[in-house]
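*Asks:* The structure's right below; bear with me while I get my questions together.
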Amino acid sequence: MDHHSHFAVLGPVRAFRGRSELDLSSRQLRLILGLLLVRPGRVVTPSEISVLLWGDAAPEHAASIIHRHIGTLRRRLEPALPFRAEGRWLRRTGGGYRLEVGPESLDLLKFRELAEEGRAAAEAGDRSIALARRTAALRLWQGRCGADLDPNPEVAREFSSVDEERLAVVCAAAEDALVTGEIEDLLPIVQELAEQARLDEALHARLMLLLAANGKQAAAIAAFHRLRTRLVDELGVDPGHQLRAAYERVLRQGSGEPAQPAVAPRSHLPLGTRFFSGRAAELEGLSKLHAEVGQDRSATVIGVIDGLPGVGKTSLVLHWAARAADKFPDGRLYVDLQGFDLHDAVLDSSQAYARMLTGLGVPYSQIPAGTEDMATLFRATVADRRMLIVLDNARDEEQVRPLLPASSDALVLVTSRNRLTGLILKEGAVPLSLSTPSEAECRLAMCERLGAARVAGQQDAISEIIRRCGKLPLAIAVVCARALNYPDWSLGEIAAQMRQSDPLDFFDGEDPRTDVRNVFSWSARMLSEPAARLFRLLPVHPGPDIGSAGAASLAGLPVGETRDLLRELMRTRLITESRPGRFAFHDLIKGYAAELSVERDSPEERRRARDRMLDHLLHTTYAANKMLKSSVHVAALDPPRPGVSPELIKDLPAAMAWITTELPVLEAAIEPLGARSWRLASALTPYFLRSAMFQRWEAMAGQALEQATIGGDLAGQAAMHRMRAGANVNAGRNLLRAGVPAGELQIRSAFDDLERCKELLSELELPLQEAHVYRNLAQAYSDVGEHGEALRQAERALALFESAEHLPGILLALFQLGYDRCATGDVEAGLALLRRAEALAREVGDINTAAEVASETAGVLARIGRTDEAIACHLRSREGMLAVGNTLEVASCERDLGEVFFQAGQRHEALRFWRAARKGFADIDQTDMVAFLDERIGQAAEPVRPGSDFTGQR
């Protein structure tokens, strides 16, 4: 597609190549493209597309349908794009799809660019330029955003939020026009939009003023009465302050009185930051909460906004309150309850009442002395008033409860670092937990604070700064302030300073309220001593998150007691529950906790906590390995240290689930484990094999090999050479199965590791383990087609296994010999060896290996035309792999069953198994195999032509 292509979403969804409009007659294609267009440059996930297309009633093969739609859309956009090429516009990312467009190719981005130019001009005092830019932006619209889509309610908000941007710009343009007197060009645009936004009081107020300023006072008055009637009939409310003020202004113009500016309702909100950005979902949540005001005349609507220190709770509330000012014609109150004040100056009820009553206009002399009398006067004063009451920085529920009004017309917003669960349970408050913003929102915030010129060409530095700030808005604001104070410093130099300093040193400041350490300390001081100790010790944990059992071992405490302490930490938002049962630090809070530990805990105490944590991981991994019934030998462990409580792994699914959850932690534990790391890596081999995580398998083996080499541990080095070879052989084998020739090179890369492993085991005089390496060499040579050499290696392995009377090894050697006998043409002898191997595997309880042998036997039988026997063996193999949870091999069995049925002319059965296999491979991200199966499914689905070979063979 050439660079003259452009897209439209401000109205019907359209796409053009040059002057030619593309065919988007399919509604589902338009829906997908529309969602991509309202999120330009951002990821749209398959699950979001599924909700967009089908709501909660997605069909069985939704993922495949979405994949086809994306392919169709990509071909429509770029018909000359080579197969599998990435393309100019529609990009695949790790989590979904992204449309790469700019203001020159998308009307929405052009609208935003012009609107931003208008805002900048207005701030600079040039209202004529501001009006011109905003009017040009509004002329881009051809109707509602995505006017021809009618999306599901679950995602309709994506499009309506863009419509709200249009409303904001038209209101701003109206203000420009009233200042400059340039009414004519804008008035038709405002009238058209007012017909669409029939109940928007802010827009209609500006329409009335524009009409009156244009000499059409009667039309302005008529517009007011029409809207008042609609508000009463449809919403049951009277016009708000803004609309009434505009009406009075129009009437004054008609009576000859000088026009007076609208008087804003009484407000005692502090100034918010002018650099607020992002938080669209949270702002929408507050707007939805306001919509509930007055619905239940017996209750007050309360919102509780919680979040970790410095995340921007107060900024969010103040920004929304300023934006929604016209919704509260009777005033907006604000009280800082100082729940986390540096000097413990927490506001009590009487102090809070005095401030609110003063804010309500009650003379100080008339405020009663007693708290109960204050409460009575406060509730009587706010009764039936459409008000906003902000109770900021609350310590706990008991500080808030006495201050709640008994008014269904008021909205109360409470901010706190603590989760005020009591208010949610008893008073029915609605919680809104504020997490750190996205990287895109952080970038926008930095750009707004520093200016476009300062951030231009500094994308890598900005990414590093955001990462080192942990996306915490307070930390980012501190960095931006320092950058503004030192305009000669580049952002790259600032990032380098952050890189070279202690994580928290860069955020020191003269103002205690913006010094990050101080802000964190206000929460830490509230902890009990046991919780404070756990808080300080948790940073020794190596991974991104921790479970309650792991935390108990780290602290040397019972699990039940540790859960209570974790709840205390979570309540103060010093840690968060990142997913059910898993607890995580923000990076900067983790750095603060580590600093406290260095100050207050002895090095010995920190070392003991780390060793208990590593023992917990190692012993629980061994327990999981036992449930996986691995044929790989793992060395015995010393007993766990006192205070360590390894987790109970009751069965194979529990083992797979535990390792899946803890895998990032286990990977991070390799270096701290040092010389013991190879034992952990060895125990994870069956998990990596079942999960087809070949790259992570190889990486862990390499890291553990490095640690074993540093420690001079020959046994560990041998084990890790073998483990790394296993990762490469299995990865290469999987590539070969998918028809990727590079798989052979990856298998051959394992030979050096296996030969070095054999040398080390010979030096250590470990013949049984050496036998396993001979068998591994046989497998690798067999995989690359050198069956003669494979037979020689397998015979050496069998001799060593038999001399040691090692049944598991004998069955593996028989398996290899049977396979290679068949491969060299001695089929009957090979089948006999394979049957012996499968029987022996079942005898020793090795279900996984028995299933592997059955699968190989099926392949041989299929090649010599014994189809029914082949199918029976494949089904037996699949049953075994399902029993042991070997996801990769289950999918492989289903792929092979599909092939057998296809060659037998049973296309329906072939399609059934290939589709199941495709889902299995997709679940473990085996993209090459997914592509291969897509092709086979397409072949099987083609109609059979008369006279053609029904089996599909060529």
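Residue names in the structure tokens use chain letters A, B, ... in the order shown, residue numbers from 1 in each chain, and ligand numbers from 1 in the order shown.
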May I have all residues of stretch 691-741 of chain A that DSSP, computed from the backbone, assigns to helix (DSSP H, G or I), given as a PyMOL selection string?

*Replies:* chain A and resi 691+694-710+714-737

*Asks:* Would you put the residues from that selection into a file with C-alpha atoms, as a PDB file, in the first residue's frame?

*Replies:*
ATOM      1  CA  SER A 691       5.504 -27.091  28.003  1.00  0.00           C
ATOM      2  CA  PHE A 694      12.738 -24.546  24.567  1.00  0.00           C
ATOM      3  CA  GLN A 695      14.307 -21.074  24.640  1.00  0.00           C
ATOM      4  CA  ARG A 696      13.728 -20.602  28.374  1.00  0.00           C
ATOM      5  CA  TRP A 697      14.976 -24.173  28.942  1.00  0.00           C
ATOM      6  CA  GLU A 698      18.218 -23.466  27.099  1.00  0.00           C
ATOM      7  CA  ALA A 699      18.672 -20.088  28.813  1.00  0.00           C
ATOM      8  CA  MET A 700      18.274 -21.544  32.293  1.00  0.00           C
ATOM      9  CA  ALA A 701      20.712 -24.374  31.495  1.00  0.00           C
ATOM     10  CA  GLY A 702      23.281 -21.839  30.273  1.00  0.00           C
ATOM     11  CA  GLN A 703      22.945 -19.683  33.400  1.00  0.00           C
ATOM     12  CA  ALA A 704      23.192 -22.672  35.733  1.00  0.00           C
ATOM     13  CA  LEU A 705      26.206 -23.992  33.771  1.00  0.00           C
ATOM     14  CA  GLU A 706      27.941 -20.671  34.355  1.00  0.00           C
ATOM     15  CA  GLN A 707      27.271 -20.929  38.103  1.00  0.00           C
ATOM     16  CA  ALA A 708      28.508 -24.547  38.235  1.00  0.00           C
ATOM     17  CA  THR A 709      31.664 -23.548  36.349  1.00  0.00           C
ATOM     18  CA  ILE A 710      32.336 -20.671  38.774  1.00  0.00           C
ATOM     19  CA  LEU A 714      31.948 -31.003  37.658  1.00  0.00           C
ATOM     20  CA  ALA A 715      28.711 -32.929  38.260  1.00  0.00           C
ATOM     21  CA  GLY A 716      26.730 -29.723  37.885  1.00  0.00           C
ATOM     22  CA  GLN A 717      28.592 -28.823  34.696  1.00  0.00           C
ATOM     23  CA  ALA A 718      27.871 -32.251  33.227  1.00  0.00           C
ATOM     24  CA  ALA A 719      24.176 -32.000  34.107  1.00  0.00           C
ATOM     25  CA  MET A 720      23.836 -28.556  32.550  1.00  0.00           C
ATOM     26  CA  HIS A 721      25.695 -29.479  29.355  1.00  0.00           C
ATOM     27  CA  ARG A 722      23.218 -32.347  28.993  1.00  0.00           C
ATOM     28  CA  MET A 723      20.239 -30.108  29.833  1.00  0.00           C
ATOM     29  CA  ARG A 724      21.256 -27.479  27.287  1.00  0.00           C
ATOM     30  CA  ALA A 725      21.711 -30.181  24.667  1.00  0.00           C
ATOM     31  CA  GLY A 726      18.233 -31.515  25.474  1.00  0.00           C
ATOM     32  CA  ALA A 727      16.697 -28.084  24.948  1.00  0.00           C
ATOM     33  CA  ASN A 728      18.347 -27.712  21.531  1.00  0.00           C
ATOM     34  CA  VAL A 729      17.550 -31.254  20.377  1.00  0.00           C
ATOM     35  CA  ASN A 730      13.880 -30.963  21.330  1.00  0.00           C
ATOM     36  CA  ALA A 731      13.572 -27.500  19.797  1.00  0.00           C
ATOM     37  CA  GLY A 732      15.216 -28.678  16.580  1.00  0.00           C
ATOM     38  CA  ARG A 733      13.058 -31.782  16.446  1.00  0.00           C
ATOM     39  CA  ASN A 734       9.932 -29.672  16.770  1.00  0.00           C
ATOM     40  CA  LEU A 735      11.093 -27.406  13.933  1.00  0.00           C
ATOM     41  CA  LEU A 736      11.740 -30.417  11.693  1.00  0.00           C
ATOM     42  CA  ARG A 737       8.256 -31.703  12.411  1.00  0.00           C
TER      43      ARG A 737
END

*Asks:* Mind checking DSSP for stretch 360-537 of chain A and telling me the strand (DSSP E) residues as a list in words?

*Replies:*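 These are the residues in question: Leu388, Ile389, Val390, Leu391, Asp392, Leu411, Val412, Leu413, Val414, Thr415, Ser416, Val430, Pro431, Leu432, Ser433 and Leu434 of chain A.
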
*Asks:* Keeping all heavy atoms, export the residues of the selection given above as a short mmCIF file (atom, residue, chain, number, x, y, z; two decimals), in the first residue's frame.

*Replies:*
data_model
loop_
_atom_site.label_atom_id
_atom_site.label_comp_id
_atom_site.auth_asym_id
_atom_site.auth_seq_id
_atom_site.Cartn_x
_atom_site.Cartn_y
_atom_site.Cartn_z
N LEU A 388 -20.55 18.05 45.43
CA LEU A 388 -19.43 17.11 45.49
C LEU A 388 -18.67 17.37 46.78
O LEU A 388 -18.33 18.51 47.09
CB LEU A 388 -18.50 17.30 44.29
CG LEU A 388 -17.17 16.51 44.34
CD1 LEU A 388 -17.42 15.01 44.28
CD2 LEU A 388 -16.24 16.95 43.22
N ILE A 389 -18.39 16.30 47.51
CA ILE A 389 -17.61 16.40 48.74
C ILE A 389 -16.41 15.49 48.60
O ILE A 389 -16.56 14.26 48.44
CB ILE A 389 -18.44 16.01 49.98
CG1 ILE A 389 -19.65 16.94 50.11
CG2 ILE A 389 -17.58 16.05 51.24
CD1 ILE A 389 -20.64 16.52 51.18
N VAL A 390 -15.21 16.05 48.61
CA VAL A 390 -13.97 15.28 48.48
C VAL A 390 -13.31 15.19 49.84
O VAL A 390 -12.94 16.21 50.45
CB VAL A 390 -13.01 15.95 47.47
CG1 VAL A 390 -11.70 15.15 47.40
CG2 VAL A 390 -13.65 16.04 46.10
N LEU A 391 -13.17 13.96 50.35
CA LEU A 391 -12.47 13.69 51.61
C LEU A 391 -11.14 13.04 51.23
O LEU A 391 -11.07 11.85 50.95
CB LEU A 391 -13.31 12.78 52.51
CG LEU A 391 -14.71 13.31 52.85
CD1 LEU A 391 -15.48 12.29 53.68
CD2 LEU A 391 -14.62 14.65 53.59
N ASP A 392 -10.10 13.84 51.20
CA ASP A 392 -8.81 13.42 50.65
C ASP A 392 -7.90 12.88 51.75
O ASP A 392 -7.91 13.36 52.89
CB ASP A 392 -8.16 14.62 49.96
CG ASP A 392 -6.96 14.24 49.12
OD1 ASP A 392 -6.91 13.08 48.66
OD2 ASP A 392 -6.08 15.10 48.91
N LEU A 411 -22.46 13.66 46.00
CA LEU A 411 -21.49 12.61 45.70
C LEU A 411 -20.28 12.82 46.60
O LEU A 411 -19.75 13.93 46.68
CB LEU A 411 -21.06 12.69 44.23
CG LEU A 411 -19.89 11.77 43.81
CD1 LEU A 411 -20.27 10.30 43.96
CD2 LEU A 411 -19.45 12.07 42.39
N VAL A 412 -19.87 11.74 47.26
CA VAL A 412 -18.71 11.79 48.15
C VAL A 412 -17.59 10.96 47.54
O VAL A 412 -17.79 9.79 47.21
CB VAL A 412 -19.04 11.26 49.56
CG1 VAL A 412 -17.80 11.35 50.47
CG2 VAL A 412 -20.19 12.06 50.16
N LEU A 413 -16.42 11.56 47.38
CA LEU A 413 -15.25 10.84 46.90
C LEU A 413 -14.19 10.86 47.99
O LEU A 413 -13.81 11.92 48.48
CB LEU A 413 -14.70 11.49 45.62
CG LEU A 413 -15.63 11.48 44.40
CD1 LEU A 413 -14.96 12.17 43.22
CD2 LEU A 413 -16.03 10.06 44.03
N VAL A 414 -13.73 9.66 48.36
CA VAL A 414 -12.75 9.50 49.43
C VAL A 414 -11.47 8.94 48.81
O VAL A 414 -11.53 7.97 48.05
CB VAL A 414 -13.25 8.54 50.52
CG1 VAL A 414 -12.25 8.47 51.67
CG2 VAL A 414 -14.62 8.96 51.01
N THR A 415 -10.33 9.54 49.10
CA THR A 415 -9.06 8.96 48.66
C THR A 415 -8.29 8.47 49.87
O THR A 415 -8.34 9.08 50.95
CB THR A 415 -8.20 9.99 47.89
OG1 THR A 415 -7.63 10.92 48.81
CG2 THR A 415 -9.00 10.71 46.82
N SER A 416 -7.57 7.37 49.68
CA SER A 416 -6.79 6.81 50.78
C SER A 416 -5.75 5.85 50.23
O SER A 416 -5.97 5.21 49.19
CB SER A 416 -7.68 6.06 51.77
OG SER A 416 -6.91 5.50 52.82
N VAL A 430 -18.35 2.44 46.50
CA VAL A 430 -17.85 1.80 45.27
C VAL A 430 -16.34 1.98 45.21
O VAL A 430 -15.85 3.11 45.24
CB VAL A 430 -18.51 2.42 44.03
CG1 VAL A 430 -17.94 1.81 42.75
CG2 VAL A 430 -20.02 2.24 44.09
N PRO A 431 -15.57 0.88 45.16
CA PRO A 431 -14.10 1.02 45.16
C PRO A 431 -13.56 1.31 43.76
O PRO A 431 -14.08 0.84 42.76
CB PRO A 431 -13.62 -0.36 45.65
CG PRO A 431 -14.69 -1.31 45.16
CD PRO A 431 -15.99 -0.53 45.21
N LEU A 432 -12.50 2.10 43.71
CA LEU A 432 -11.75 2.33 42.48
C LEU A 432 -10.27 2.28 42.86
O LEU A 432 -9.76 3.22 43.47
CB LEU A 432 -12.10 3.68 41.85
CG LEU A 432 -11.28 4.10 40.63
CD1 LEU A 432 -11.43 3.09 39.50
CD2 LEU A 432 -11.68 5.49 40.16
N SER A 433 -9.62 1.17 42.55
CA SER A 433 -8.20 1.01 42.88
C SER A 433 -7.37 1.55 41.73
O SER A 433 -7.51 1.12 40.59
CB SER A 433 -7.87 -0.47 43.13
OG SER A 433 -8.47 -0.89 44.34
N LEU A 434 -6.50 2.48 42.05
CA LEU A 434 -5.70 3.16 41.04
C LEU A 434 -4.34 2.48 40.92
O LEU A 434 -3.58 2.42 41.89
CB LEU A 434 -5.53 4.63 41.44
CG LEU A 434 -5.27 5.65 40.32
CD1 LEU A 434 -6.40 5.60 39.31
CD2 LEU A 434 -5.15 7.04 40.92
#

*Asks:* What's the 10 Å shell around A:Pro59, counting only C-alpha atoms, without same-chain residues fewer than 5 positions away, as a list in words?

*Replies:*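 Listing them by chain and then by number gives Ser50, Trp54 and Ile65 of chain A.
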
*Asks:* Tell me, as an NGL selection string, which residues lie within 9 Å of A:Leu227, counting only C-alpha atoms; anything in the same chain fewer than 6 positions away does not count.

*Replies:* :A and (198-201 or 204 or 239)

*Asks:* Excluding stretch 120-131 of chain A and residues on its chain fewer than 4 positions from it, collect all residues at most 8 Å away from it, counting only C-alpha atoms, and give them as a list in words.

*Replies:*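 So the residues in contact are Glu116, Thr135, Ala173, Asp176, Ala177, Val179 and Thr180 of chain A.
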
*Asks:* Using all heavy atoms, can you export the residues from the last selection as a compact mmCIF listing (two decimals), in the first residue's frame?

*Replies:*
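Below is the file that was written, out-v1.txt:
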# COMPACT_ATOMS: atom_id res chain seq x y z
N GLU A 116 -5.03 20.26 19.50
CA GLU A 116 -3.90 20.62 20.36
C GLU A 116 -3.31 21.96 19.93
O GLU A 116 -2.94 22.79 20.77
CB GLU A 116 -2.84 19.52 20.32
CG GLU A 116 -1.54 19.85 21.04
CD GLU A 116 -1.73 20.18 22.52
OE1 GLU A 116 -2.76 19.75 23.10
OE2 GLU A 116 -0.88 20.87 23.09
N THR A 135 -11.97 24.91 14.56
CA THR A 135 -13.00 24.77 13.53
C THR A 135 -12.54 23.80 12.45
O THR A 135 -13.32 22.96 11.97
CB THR A 135 -13.33 26.15 12.92
OG1 THR A 135 -13.76 27.03 13.95
CG2 THR A 135 -14.44 26.03 11.89
N ALA A 173 -14.16 25.85 21.19
CA ALA A 173 -14.26 26.72 20.01
C ALA A 173 -15.35 27.77 20.21
O ALA A 173 -15.20 28.93 19.78
CB ALA A 173 -14.55 25.88 18.77
N ASP A 176 -13.96 30.55 22.14
CA ASP A 176 -13.13 31.38 21.27
C ASP A 176 -14.00 32.33 20.44
O ASP A 176 -13.69 33.53 20.30
CB ASP A 176 -12.31 30.51 20.31
CG ASP A 176 -11.32 29.61 21.02
OD1 ASP A 176 -10.87 29.98 22.12
OD2 ASP A 176 -10.99 28.55 20.47
N ALA A 177 -15.07 31.78 19.88
CA ALA A 177 -15.93 32.58 19.01
C ALA A 177 -16.61 33.70 19.79
O ALA A 177 -16.77 34.82 19.27
CB ALA A 177 -16.98 31.68 18.35
N VAL A 179 -15.39 35.23 22.34
CA VAL A 179 -14.37 36.24 22.62
C VAL A 179 -14.07 37.09 21.38
O VAL A 179 -13.98 38.31 21.44
CB VAL A 179 -13.09 35.58 23.16
CG1 VAL A 179 -11.94 36.60 23.24
CG2 VAL A 179 -13.35 34.97 24.53
N THR A 180 -13.93 36.41 20.23
CA THR A 180 -13.51 37.11 19.01
C THR A 180 -14.69 37.72 18.25
O THR A 180 -14.49 38.60 17.40
CB THR A 180 -12.79 36.15 18.06
OG1 THR A 180 -13.69 35.10 17.66
CG2 THR A 180 -11.57 35.54 18.75

*Asks:* Env of A:Thr381: 12 Å cut, atoms = only C-alpha atoms, seq-sep filter 4 positions within chain, self excluded. Answer as a list in words.

*Replies:*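 So, after excluding close chain neighbours, the residues are Asp330, Gly331, Tyr353, Met356, Leu357, Thr358, Gly359, Leu360, Gly361, Val362, Ile367, Met374, Ala375, Thr376, Leu377, Arg385, Arg386, Met387, Pro405, Ala406, Ser407 and Ala410 of chain A.
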
*Asks:* Compile the contact shell of stretch 75-83 of chain A as a ChimeraX atom specification: residues with an atom at most 12 Å away, counting only C-alpha atoms, same-chain residues fewer than 3 positions apart removed.

*Replies:* /A:1-7,14-18,20-26,29-30,33,68-72,86-91,99,931

*Asks:* Could you please determine the separation between atom CA of A:Leu798 and atom CA of A:Leu834 in Å, to one decimal place?

*Replies:*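 The value is 14.0 Å.
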
*Asks:* Rank A:Tyr687, A:Tyr819, A:Tyr622, A:Tyr334 by their smallest atom-to-atom distance to A:Glu647, using only C-alpha atoms, and report the top residue only.

*Replies:*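 The answer is A:Tyr622, which sits nearest to A:Glu647.
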
*Asks:* Here is a test: counting only C-alpha atoms, which residue of A:Glu802, A:His268, A:Ala778, A:Ala299 is nearest to A:Ala325?

*Replies:*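 Nearest to A:Ala325: A:His268.
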
*Asks:* Please, what distance in Å, to one decimal, runs between atom CA of A:Ala429 and atom CA of A:Pro402?

*Replies:*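 Going from atom CA of A:Ala429 over to atom CA of A:Pro402, I get 14.5 Å.
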